[in-house]
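Q: Dropping in query.txt, with compact mmCIF, C-alpha atoms.
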# COMPACT_ATOMS: atom_id res chain seq x y z
CA ARG A 1 7.15 20.29 4.94
CA SER A 2 8.43 22.78 7.46
CA LEU A 3 8.90 23.15 11.18
CA ARG A 4 9.44 26.50 12.84
CA GLU A 5 11.23 26.56 16.18
CA PRO A 6 12.48 29.36 18.43
CA ARG A 7 16.12 29.14 17.36
CA SER A 8 16.00 27.39 14.01
CA ASN A 9 13.72 26.56 11.11
CA PHE A 10 13.51 23.34 9.14
CA GLY A 11 12.11 23.05 5.64
CA GLY A 12 12.15 21.09 2.44
CA THR A 13 10.05 19.58 -0.32
CA GLN A 14 8.76 16.05 -0.02
CA TRP A 15 7.13 14.16 -2.89
CA SER A 16 5.44 10.77 -2.66
CA SER A 17 3.73 8.66 -5.30
CA TYR A 18 2.19 5.22 -5.57
CA SER A 19 1.05 3.33 -8.65
CA GLU A 20 -0.32 -0.19 -8.92
CA ALA A 21 -1.63 -2.51 -11.63
CA THR A 22 -3.29 -5.87 -10.90
CA TYR A 23 -4.84 -8.70 -12.87
CA SER A 24 -7.36 -11.10 -11.33
CA PHE A 25 -8.48 -14.44 -12.71
CA LYS A 26 -10.06 -17.67 -11.52
CA SER A 27 -8.80 -21.19 -12.09
CA SER A 28 -10.82 -24.07 -10.68
CA ASP A 29 -10.94 -23.52 -6.89
CA HIS A 30 -8.26 -20.82 -7.02
CA GLN A 31 -8.80 -17.06 -7.21
CA TRP A 32 -5.56 -15.42 -8.36
CA VAL A 33 -4.36 -11.83 -8.17
CA VAL A 34 -1.02 -10.87 -9.72
CA GLY A 35 0.41 -7.42 -10.17
CA SER A 36 3.10 -4.85 -9.80
CA ALA A 37 3.51 -1.63 -7.83
CA PHE A 38 5.89 1.31 -7.98
CA ALA A 39 6.34 3.69 -5.04
CA THR A 40 8.56 6.75 -4.75
CA GLU A 41 9.47 9.12 -1.94
CA LYS A 42 11.84 12.02 -2.38
CA PHE A 43 12.94 14.70 0.05
CA GLU A 44 14.98 17.79 -0.87
CA GLU A 45 15.98 19.94 2.08
CA ASP A 46 16.05 23.73 1.94
CA SER A 47 19.79 24.43 2.13
CA THR A 48 19.20 28.03 3.23
CA LYS A 49 17.89 26.75 6.58
CA SER A 50 20.43 24.01 7.24
CA GLN A 51 23.79 22.89 5.87
CA LEU A 52 23.16 19.26 6.79
CA LYS A 53 22.51 17.10 3.73
CA ARG A 54 19.59 14.87 4.66
CA ASP A 55 18.05 14.47 1.21
CA TYR A 56 16.93 11.07 0.01
CA ASN A 57 15.32 9.62 -3.09
CA TYR A 58 13.62 6.24 -2.58
CA GLN A 59 12.17 4.18 -5.43
CA THR A 60 10.59 0.79 -4.83
CA LEU A 61 9.44 -1.60 -7.55
CA ALA A 62 7.32 -4.53 -6.39
CA PHE A 63 5.88 -7.69 -7.93
CA PHE A 64 3.27 -9.73 -6.09
CA ALA A 65 0.94 -12.72 -6.41
CA GLN A 66 -1.87 -14.00 -4.23
CA ASP A 67 -3.86 -17.22 -4.36
CA ASP A 68 -7.20 -17.67 -2.58
CA TRP A 69 -7.64 -21.43 -2.59
CA ARG A 70 -10.92 -22.93 -1.45
CA ILE A 71 -9.66 -26.36 -0.45
CA SER A 72 -13.09 -27.55 0.69
CA ASP A 73 -16.39 -26.16 1.94
CA LYS A 74 -14.76 -25.70 5.35
CA ILE A 75 -11.12 -24.84 4.62
CA SER A 76 -9.74 -21.85 2.71
CA LEU A 77 -6.09 -20.95 2.25
CA GLN A 78 -4.81 -17.53 1.21
CA ALA A 79 -1.12 -17.43 0.25
CA GLY A 80 0.72 -14.44 -1.10
CA ILE A 81 4.23 -13.28 -1.82
CA ARG A 82 5.59 -9.86 -2.66
CA THR A 83 9.11 -9.09 -3.83
CA ASP A 84 10.39 -5.52 -3.58
CA HIS A 85 13.48 -3.96 -5.06
CA GLN A 86 14.41 -0.79 -3.18
CA ASN A 87 16.99 1.39 -4.91
CA THR A 88 18.97 2.09 -1.73
CA PHE A 89 18.52 -1.02 0.43
CA GLY A 90 18.14 -3.81 -2.12
CA TRP A 91 15.74 -6.75 -2.26
CA PHE A 92 12.99 -7.78 0.16
CA VAL A 93 10.87 -10.93 -0.04
CA LEU A 94 7.60 -10.68 1.91
CA PRO A 95 5.51 -13.86 2.24
CA ARG A 96 2.05 -13.92 3.76
CA LEU A 97 -0.17 -16.87 4.70
CA SER A 98 -3.70 -17.13 6.09
CA LEU A 99 -5.76 -20.25 6.82
CA MET A 100 -9.49 -20.17 7.61
CA TYR A 101 -11.54 -23.08 8.94
CA ARG A 102 -15.30 -22.66 8.81
CA VAL A 103 -16.71 -24.78 11.62
CA THR A 104 -20.29 -23.95 10.62
CA LYS A 105 -21.89 -21.44 8.28
CA ASN A 106 -21.82 -18.82 11.07
CA PHE A 107 -18.62 -19.77 12.90
CA TYR A 108 -15.02 -19.64 11.63
CA VAL A 109 -11.45 -19.66 12.94
CA ARG A 110 -8.66 -17.92 11.02
CA ALA A 111 -4.90 -17.71 11.54
CA GLY A 112 -2.36 -15.73 9.56
CA SER A 113 1.17 -14.38 9.47
CA GLY A 114 3.34 -12.17 7.30
CA ARG A 115 6.51 -10.13 6.99
CA GLY A 116 7.10 -6.42 6.39
CA TYR A 117 9.75 -3.71 6.40
CA LYS A 118 10.15 0.07 6.66
CA THR A 119 12.82 2.19 5.00
CA PRO A 120 14.50 4.69 7.35
CA THR A 121 14.09 8.47 7.27
CA ILE A 122 14.90 11.21 9.77
CA PHE A 123 11.22 11.92 10.38
CA SER A 124 9.64 10.69 13.61
CA THR A 125 7.86 12.06 16.65
CA ALA A 126 11.09 11.81 18.65
CA ALA A 127 12.96 13.80 15.97
CA GLU A 128 10.38 16.59 16.02
CA GLU A 129 10.59 16.79 19.80
CA GLU A 130 14.39 17.02 19.57
CA GLY A 131 14.20 19.57 16.77
CA LEU A 132 14.57 18.35 13.18
CA ASN A 133 17.38 20.82 12.46
CA ASN A 134 19.45 19.10 15.16
CA ILE A 135 19.07 15.59 13.76
CA GLN A 136 22.18 14.25 12.06
CA PRO A 137 22.01 12.57 8.63
CA LEU A 138 21.46 8.82 8.59
CA SER A 139 24.72 6.88 8.56
CA ASN A 140 25.70 4.56 5.71
CA ILE A 141 25.38 1.53 7.97
CA VAL A 142 21.78 2.15 9.09
CA LEU A 143 19.55 -0.90 8.61
CA VAL A 144 15.98 -1.30 7.44
CA GLU A 145 13.46 -2.22 10.16
CA LYS A 146 11.92 -5.64 9.47
CA SER A 147 8.80 -7.06 11.04
CA PHE A 148 7.07 -10.40 11.50
CA GLY A 149 3.45 -10.54 12.57
CA ALA A 150 0.94 -13.26 13.39
CA ASN A 151 -2.76 -13.17 14.21
CA LEU A 152 -5.59 -15.49 15.22
CA ASP A 153 -9.27 -14.63 15.24
CA VAL A 154 -12.55 -16.38 15.97
CA ASP A 155 -15.85 -15.10 14.62
CA TYR A 156 -19.36 -16.29 15.52
CA THR A 157 -22.76 -15.03 14.38
CA THR A 158 -26.05 -16.06 15.93
CA TYR A 159 -29.60 -15.06 15.02
CA LEU A 160 -31.67 -14.36 18.10
CA THR A 161 -34.77 -13.81 15.96
CA ASP A 162 -35.42 -13.32 12.25
CA GLU A 163 -34.64 -9.61 12.68
CA VAL A 164 -31.95 -9.70 15.37
CA SER A 165 -28.40 -10.96 14.86
CA LEU A 166 -25.36 -10.88 17.14
CA THR A 167 -21.77 -11.24 15.91
CA LEU A 168 -18.89 -11.86 18.33
CA ASN A 169 -15.25 -11.61 17.30
CA GLN A 170 -12.15 -12.37 19.34
CA SER A 171 -8.71 -11.81 17.85
CA PHE A 172 -5.14 -12.10 19.11
CA PHE A 173 -2.07 -10.53 17.51
CA SER A 174 1.68 -10.22 17.89
CA THR A 175 4.27 -8.24 15.92
CA THR A 176 8.04 -8.20 16.30
CA VAL A 177 10.09 -5.36 14.79
CA HIS A 178 13.74 -6.31 14.31
CA ASP A 179 16.59 -3.78 14.13
CA PRO A 180 14.36 -0.94 15.38
CA LEU A 181 15.65 2.49 14.42
CA VAL A 182 15.93 4.63 17.56
CA LEU A 183 16.96 8.23 18.07
CA GLU A 184 19.74 8.57 20.63
CA GLY A 185 20.49 12.23 21.20
CA THR A 186 20.67 13.53 17.65
CA TYR A 187 21.76 10.27 15.95
CA TYR A 188 19.65 7.37 14.68
CA VAL A 189 20.94 3.91 15.57
CA ASN A 190 19.61 0.37 15.10
CA LYS A 191 19.10 -1.64 18.26
CA ASP A 192 20.08 -5.30 18.43
CA GLN A 193 16.96 -6.22 20.42
CA PRO A 194 13.44 -5.97 18.95
CA ILE A 195 10.23 -4.16 19.78
CA VAL A 196 7.49 -6.71 20.53
CA THR A 197 3.82 -5.77 20.47
CA SER A 198 1.11 -8.24 21.43
CA GLY A 199 -2.49 -8.05 22.49
CA PHE A 200 -6.06 -8.91 21.70
CA GLU A 201 -9.26 -7.31 20.45
CA SER A 202 -12.82 -8.21 21.45
CA SER A 203 -15.89 -6.92 19.66
CA ALA A 204 -19.66 -7.44 19.49
CA ARG A 205 -22.09 -6.30 16.78
CA LEU A 206 -25.84 -6.30 17.32
CA ARG A 207 -28.23 -5.69 14.43
CA TRP A 208 -31.93 -5.20 15.08
CA GLN A 209 -33.85 -4.07 12.02
CA GLU A 210 -32.52 -0.55 11.28
CA LEU A 211 -30.53 -0.33 14.54
CA ARG A 212 -26.85 -1.35 14.73
CA ILE A 213 -24.76 -1.38 17.89
CA PHE A 214 -21.02 -2.05 18.00
CA ALA A 215 -18.75 -2.32 21.05
CA GLY A 216 -15.04 -3.10 20.96
CA TYR A 217 -12.14 -3.38 23.39
CA THR A 218 -8.43 -3.50 22.50
CA PHE A 219 -5.55 -4.44 24.79
CA VAL A 220 -1.99 -3.69 23.64
CA ASP A 221 1.28 -4.59 25.36
CA ALA A 222 4.20 -2.97 23.51
CA ARG A 223 7.72 -3.58 24.81
CA ARG A 224 11.18 -2.33 23.86
CA LYS A 225 13.39 -5.34 24.52
CA TYR A 226 16.54 -3.23 24.10
CA ASP A 227 15.65 -1.05 27.11
CA ALA A 228 14.91 -3.39 30.01
CA PRO A 229 14.53 -0.71 32.74
CA ASN A 230 12.04 1.24 30.59
CA SER A 231 10.66 -1.44 28.31
CA PHE A 232 7.33 0.30 27.68
CA VAL A 233 6.81 2.02 24.34
CA PRO A 234 6.06 5.69 25.13
CA VAL A 235 2.59 7.17 24.55
CA THR A 236 1.06 3.82 23.64
CA PRO A 237 -2.24 3.14 25.44
CA LYS A 238 -2.82 -0.33 26.84
CA HIS A 239 -6.60 -0.07 26.80
CA LYS A 240 -9.02 1.30 24.23
CA LEU A 241 -12.80 1.15 24.10
CA VAL A 242 -15.10 2.12 21.25
CA THR A 243 -18.89 2.16 21.03
CA THR A 244 -20.97 2.95 17.96
CA VAL A 245 -24.76 3.17 17.73
CA VAL A 246 -26.34 3.78 14.33
CA TYR A 247 -29.98 3.99 13.28
CA GLU A 248 -30.47 3.97 9.53
CA LYS A 249 -33.74 4.43 7.70
CA GLU A 250 -33.32 2.84 4.30
CA GLU A 251 -32.27 5.39 1.67
CA ASN A 252 -33.70 8.27 3.71
CA TRP A 253 -31.56 9.25 6.68
CA MET A 254 -29.17 7.96 9.32
CA ILE A 255 -28.23 9.09 12.81
CA GLY A 256 -25.35 7.76 14.86
CA PHE A 257 -23.32 8.13 18.04
CA GLU A 258 -19.70 7.16 18.64
CA GLY A 259 -17.80 7.11 21.90
CA PHE A 260 -14.11 6.38 22.53
CA TYR A 261 -12.04 5.80 25.65
CA THR A 262 -8.22 5.79 25.74
CA SER A 263 -6.38 4.76 28.88
CA SER A 264 -3.42 6.64 30.35
CA MET A 265 -0.08 6.35 28.57
CA ILE A 266 3.47 6.49 29.91
CA ARG A 267 5.78 9.20 28.63
CA ASP A 268 9.53 8.86 28.70
CA PHE A 269 10.80 9.63 32.22
CA ASP A 270 7.86 7.65 33.68
CA THR A 271 5.19 10.36 33.78
CA ASP A 272 1.63 9.36 32.88
CA THR A 273 -0.88 11.08 30.64
CA ARG A 274 -4.48 11.33 31.73
CA PRO A 275 -7.03 8.86 30.37
CA TYR A 276 -9.72 10.49 28.28
CA PHE A 277 -13.10 9.92 26.67
Reformat the file's structure so that it appears as structure tokens.
A:
Amino acid sequence: RSLREPRSNFGGTQWSSYSEATYSFKSSDHQWVVGSAFATEKFEEDSTKSQLKRDYNYQTLAFFAQDDWRISDKISLQAGIRTDHQNTFGWFVLPRLSLMYRVTKNFYVRAGSGRGYKTPTIFSTAAEEEGLNNIQPLSNIVLVEKSFGANLDVDYTTYLTDEVSLTLNQSFFSTTVHDPLVLEGTYYVNKDQPIVTSGFESSARLRWQELRIFAGYTFVDARRKYDAPNSFVPVTPKHKLVTTVVYEKEENWMIGFEGFYTSSMIRDFDTDTRPYF
């Protein structure tokens, strides 16, 4: 990767790889998946363009297991756990849980939650705006960002006629990122207050013979708790709309139309972008 700027150039070689092996088997009312994954990411900076040593070599070995348990005709439980060993930052245990209750054949309610993390690098939108050659190497005390997320969704399908069906889905979500890594000047630091993102998504799908119509709306409220006067997360739209219309003739041809709307976003320093279609 490289970035050319008026007074300096940044460059280096970045390699990424991901490998995974899984084994699936069924036992009574349980559907199991177990496996392992190995991910690598390595960056070697071009020393002719900068004397700052910002190289890194990340290797992550993971083991995971997931159980889809059909408790009854109405209740299903999905439980999973993943354990990662990261060569620089140590061990991470990531549980995940999801419970679905099927009220009727065409109506269900599902709730879930899980944990995640992200290893730090110097690369971000803020760093590119500042100029990557100006960014200082990560300190030895920098922390990994950790997240906790939860979601709830309700899904209902009704058949208006034998050839017309309507599916409505309403979901709610919330994610908290702890120890967020933030660029201050040319140094990355972890903040002691989190970034909290919450919102909801509403969608409708209509199917009438070969015609399919989809409409969706997403509301997002993202807040930086560590910056009370400017708590908004920059260039994050609060409102998004999407519409898709598709007509498909079986095995012959298909024609479709998609339309998107994104609301205005706030930049740092409180200036707004224009909304756009």
Q: Calculated over only C-alpha atoms, which of the candidates A:Asn133, A:Asn87, A:Asn140, A:Ser113 has the smallest distance to A:Thr176?
A: A:Ser113
Q: When you look at A:Ser139 with a cut-off of 9 Å (counting all atoms listed in the file), what residues show up, excluding the ones that are within fewer than 2 positions of it in the same chain? I need them as a list in words.
A: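 My reading of the contact set: Gln136, Pro137, Ile141, Val142, Tyr187, Tyr188 and Val189 of chain A.
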Q: Quick one: of A:Glu201, A:Asp68, A:Asp153, A:Glu145, who's nearest to A:Val182, counting all atoms listed in the file?
A: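 Of all the options, A:Glu145 lies closest to A:Val182.
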Q: Rank A:Thr121, A:Ser76, A:Thr83, A:Thr197 by their smallest atom-to-atom distance to A:Ile135, using all atoms listed in the file, and report the top residue only.
A: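 Closest to A:Ile135, using all atoms listed in the file: A:Thr121.
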Q: Taking (1.7, 5.0, 30.6) in the coordinates of the supplied file, I want to know which residues reach to within 9 Å of it, counting only C-alpha atoms; could you give the answer as an MDAnalysis selection string?
A: chainID A and resid 232:238 263:268 270:274
Q: Export, as an mmCIF file, in the coordinates of the input, the selected residues with C-alpha atoms.
A:
data_model
loop_
_atom_site.group_PDB
_atom_site.id
_atom_site.type_symbol
_atom_site.label_atom_id
_atom_site.label_comp_id
_atom_site.auth_asym_id
_atom_site.auth_seq_id
_atom_site.Cartn_x
_atom_site.Cartn_y
_atom_site.Cartn_z
ATOM 1 C CA PHE A 232 7.330 0.300 27.680
ATOM 2 C CA VAL A 233 6.810 2.020 24.340
ATOM 3 C CA PRO A 234 6.060 5.690 25.130
ATOM 4 C CA VAL A 235 2.590 7.170 24.550
ATOM 5 C CA THR A 236 1.060 3.820 23.640
ATOM 6 C CA PRO A 237 -2.240 3.140 25.440
ATOM 7 C CA LYS A 238 -2.820 -0.330 26.840
ATOM 8 C CA SER A 263 -6.380 4.760 28.880
ATOM 9 C CA SER A 264 -3.420 6.640 30.350
ATOM 10 C CA MET A 265 -0.080 6.350 28.570
ATOM 11 C CA ILE A 266 3.470 6.490 29.910
ATOM 12 C CA ARG A 267 5.780 9.200 28.630
ATOM 13 C CA ASP A 268 9.530 8.860 28.700
ATOM 14 C CA ASP A 270 7.860 7.650 33.680
ATOM 15 C CA THR A 271 5.190 10.360 33.780
ATOM 16 C CA ASP A 272 1.630 9.360 32.880
ATOM 17 C CA THR A 273 -0.880 11.080 30.640
ATOM 18 C CA ARG A 274 -4.480 11.330 31.730
#
Q: Hey, what's within 8 Å of A:Tyr117 if we count all atoms listed in the file and toss same-chain stuff fewer than 5 positions away? As an MDAnalysis selection string, please?
A: chainID A and resid 144:147
Q: Quick one: of A:Leu61, A:Val246, A:Val109, A:Val220, who's nearest to A:Thr262, counting all atoms listed in the file?
A: A:Val220
Q: Mind dumping a table of every stretch 45-104 of chain A residue within 12 Å of stretch 16-25 of chain A, with the nearest atom pair and its distance in Å to one decimal, using all atoms listed in the file, sorted by chain and rising number, as CSV?
A:
residue,atom,partner,partner_atom,distance
A:Tyr56,CA,A:Ser16,CA,11.8
A:Asn57,CA,A:Ser16,CA,10.0
A:Tyr58,CA,A:Ser16,CA,9.4
A:Gln59,CA,A:Ser17,CA,9.6
A:Thr60,CA,A:Tyr18,CA,9.5
A:Leu61,CA,A:Ser19,CA,9.8
A:Ala62,CA,A:Glu20,CA,9.1
A:Phe63,CA,A:Glu20,CA,9.8
A:Phe64,CA,A:Thr22,CA,9.0
A:Ala65,CA,A:Thr22,CA,9.2
A:Gln66,CA,A:Ser24,CA,9.4
A:Asp67,CA,A:Ser24,CA,9.9
A:Asp68,CA,A:Phe25,CA,10.7
Q: With 5 Å added on each side, what axis-aligned box encloses every listed atom of stretch 160-179 of chain A? Give the centre and edge lengths in Å to one decimal, as AutoDock Vina command-line options.
A:
--center_x -9.4 --center_y -9.1 --center_z 15.8 --size_x 62.0 --size_y 20.6 --size_z 17.1
Q: All heavy atoms are what I want for stretch 252-263 of chain A; can you complete it accordingly and write them as an mmCIF file, in the frame of the given file?
A:
data_model
loop_
_atom_site.group_PDB
_atom_site.id
_atom_site.type_symbol
_atom_site.label_atom_id
_atom_site.label_comp_id
_atom_site.auth_asym_id
_atom_site.auth_seq_id
_atom_site.Cartn_x
_atom_site.Cartn_y
_atom_site.Cartn_z
ATOM 1 N N ASN A 252 -33.144 6.973 3.321
ATOM 2 C CA ASN A 252 -33.700 8.270 3.710
ATOM 3 C C ASN A 252 -32.747 9.061 4.601
ATOM 4 O O ASN A 252 -32.297 10.133 4.247
ATOM 5 C CB ASN A 252 -35.045 8.082 4.427
ATOM 6 C CG ASN A 252 -36.125 7.575 3.474
ATOM 7 O OD1 ASN A 252 -36.110 7.896 2.294
ATOM 8 N ND2 ASN A 252 -37.039 6.774 3.988
ATOM 9 N N TRP A 253 -32.431 8.524 5.767
ATOM 10 C CA TRP A 253 -31.560 9.250 6.680
ATOM 11 C C TRP A 253 -30.918 8.275 7.669
ATOM 12 O O TRP A 253 -31.336 7.132 7.806
ATOM 13 C CB TRP A 253 -32.316 10.351 7.418
ATOM 14 C CG TRP A 253 -33.559 9.870 8.122
ATOM 15 C CD1 TRP A 253 -34.822 9.791 7.604
ATOM 16 C CD2 TRP A 253 -33.654 9.375 9.466
ATOM 17 N NE1 TRP A 253 -35.692 9.282 8.518
ATOM 18 C CE2 TRP A 253 -35.006 9.033 9.690
ATOM 19 C CE3 TRP A 253 -32.745 9.217 10.490
ATOM 20 C CZ2 TRP A 253 -35.464 8.518 10.897
ATOM 21 C CZ3 TRP A 253 -33.196 8.703 11.703
ATOM 22 C CH2 TRP A 253 -34.544 8.369 11.891
ATOM 23 N N MET A 254 -29.900 8.774 8.349
ATOM 24 C CA MET A 254 -29.170 7.960 9.320
ATOM 25 C C MET A 254 -28.696 8.864 10.445
ATOM 26 O O MET A 254 -28.340 10.023 10.220
ATOM 27 C CB MET A 254 -27.955 7.308 8.641
ATOM 28 C CG MET A 254 -27.090 6.472 9.591
ATOM 29 S SD MET A 254 -25.683 5.730 8.727
ATOM 30 C CE MET A 254 -24.687 7.191 8.413
ATOM 31 N N ILE A 255 -28.752 8.348 11.660
ATOM 32 C CA ILE A 255 -28.230 9.090 12.810
ATOM 33 C C ILE A 255 -27.367 8.129 13.623
ATOM 34 O O ILE A 255 -27.682 6.936 13.727
ATOM 35 C CB ILE A 255 -29.377 9.674 13.666
ATOM 36 C CG1 ILE A 255 -28.804 10.584 14.765
ATOM 37 C CG2 ILE A 255 -30.257 8.579 14.264
ATOM 38 C CD1 ILE A 255 -29.868 11.390 15.491
ATOM 39 N N GLY A 256 -26.260 8.633 14.150
ATOM 40 C CA GLY A 256 -25.350 7.760 14.860
ATOM 41 C C GLY A 256 -24.654 8.456 16.018
ATOM 42 O O GLY A 256 -24.626 9.689 16.110
ATOM 43 N N PHE A 257 -24.091 7.642 16.895
ATOM 44 C CA PHE A 257 -23.320 8.130 18.040
ATOM 45 C C PHE A 257 -22.091 7.258 18.179
ATOM 46 O O PHE A 257 -22.177 6.037 18.080
ATOM 47 C CB PHE A 257 -24.158 8.050 19.318
ATOM 48 C CG PHE A 257 -23.355 8.256 20.582
ATOM 49 C CD1 PHE A 257 -23.062 9.531 21.030
ATOM 50 C CD2 PHE A 257 -22.885 7.171 21.312
ATOM 51 C CE1 PHE A 257 -22.312 9.713 22.188
ATOM 52 C CE2 PHE A 257 -22.134 7.352 22.463
ATOM 53 C CZ PHE A 257 -21.853 8.631 22.896
ATOM 54 N N GLU A 258 -20.936 7.900 18.417
ATOM 55 C CA GLU A 258 -19.700 7.160 18.640
ATOM 56 C C GLU A 258 -19.034 7.660 19.919
ATOM 57 O O GLU A 258 -19.001 8.868 20.168
ATOM 58 C CB GLU A 258 -18.730 7.327 17.471
ATOM 59 C CG GLU A 258 -19.131 6.552 16.233
ATOM 60 C CD GLU A 258 -18.068 6.642 15.149
ATOM 61 O OE1 GLU A 258 -17.606 7.755 14.862
ATOM 62 O OE2 GLU A 258 -17.708 5.586 14.599
ATOM 63 N N GLY A 259 -18.517 6.744 20.688
ATOM 64 C CA GLY A 259 -17.800 7.110 21.900
ATOM 65 C C GLY A 259 -16.496 6.330 21.998
ATOM 66 O O GLY A 259 -16.449 5.142 21.663
ATOM 67 N N PHE A 260 -15.430 7.000 22.448
ATOM 68 C CA PHE A 260 -14.110 6.380 22.530
ATOM 69 C C PHE A 260 -13.504 6.631 23.906
ATOM 70 O O PHE A 260 -13.682 7.704 24.476
ATOM 71 C CB PHE A 260 -13.163 6.968 21.471
ATOM 72 C CG PHE A 260 -13.656 6.832 20.061
ATOM 73 C CD1 PHE A 260 -14.454 7.810 19.493
ATOM 74 C CD2 PHE A 260 -13.315 5.724 19.306
ATOM 75 C CE1 PHE A 260 -14.909 7.692 18.197
ATOM 76 C CE2 PHE A 260 -13.767 5.593 18.005
ATOM 77 C CZ PHE A 260 -14.565 6.576 17.449
ATOM 78 N N TYR A 261 -12.798 5.642 24.412
ATOM 79 C CA TYR A 261 -12.040 5.800 25.650
ATOM 80 C C TYR A 261 -10.610 5.335 25.399
ATOM 81 O O TYR A 261 -10.381 4.266 24.824
ATOM 82 C CB TYR A 261 -12.649 4.964 26.776
ATOM 83 C CG TYR A 261 -11.754 4.859 27.995
ATOM 84 C CD1 TYR A 261 -11.664 5.921 28.899
ATOM 85 C CD2 TYR A 261 -10.982 3.727 28.218
ATOM 86 C CE1 TYR A 261 -10.831 5.834 30.007
ATOM 87 C CE2 TYR A 261 -10.147 3.633 29.322
ATOM 88 C CZ TYR A 261 -10.079 4.691 30.212
ATOM 89 O OH TYR A 261 -9.254 4.617 31.305
ATOM 90 N N THR A 262 -9.643 6.132 25.835
ATOM 91 C CA THR A 262 -8.220 5.790 25.740
ATOM 92 C C THR A 262 -7.606 5.874 27.126
ATOM 93 O O THR A 262 -7.742 6.895 27.801
ATOM 94 C CB THR A 262 -7.495 6.754 24.785
ATOM 95 O OG1 THR A 262 -8.095 6.681 23.485
ATOM 96 C CG2 THR A 262 -6.029 6.386 24.670
ATOM 97 N N SER A 263 -6.952 4.801 27.538
ATOM 98 C CA SER A 263 -6.380 4.760 28.880
ATOM 99 C C SER A 263 -5.134 5.647 28.952
ATOM 100 O O SER A 263 -4.642 6.154 27.936
ATOM 101 C CB SER A 263 -6.014 3.327 29.252
ATOM 102 O OG SER A 263 -4.935 2.870 28.452
#
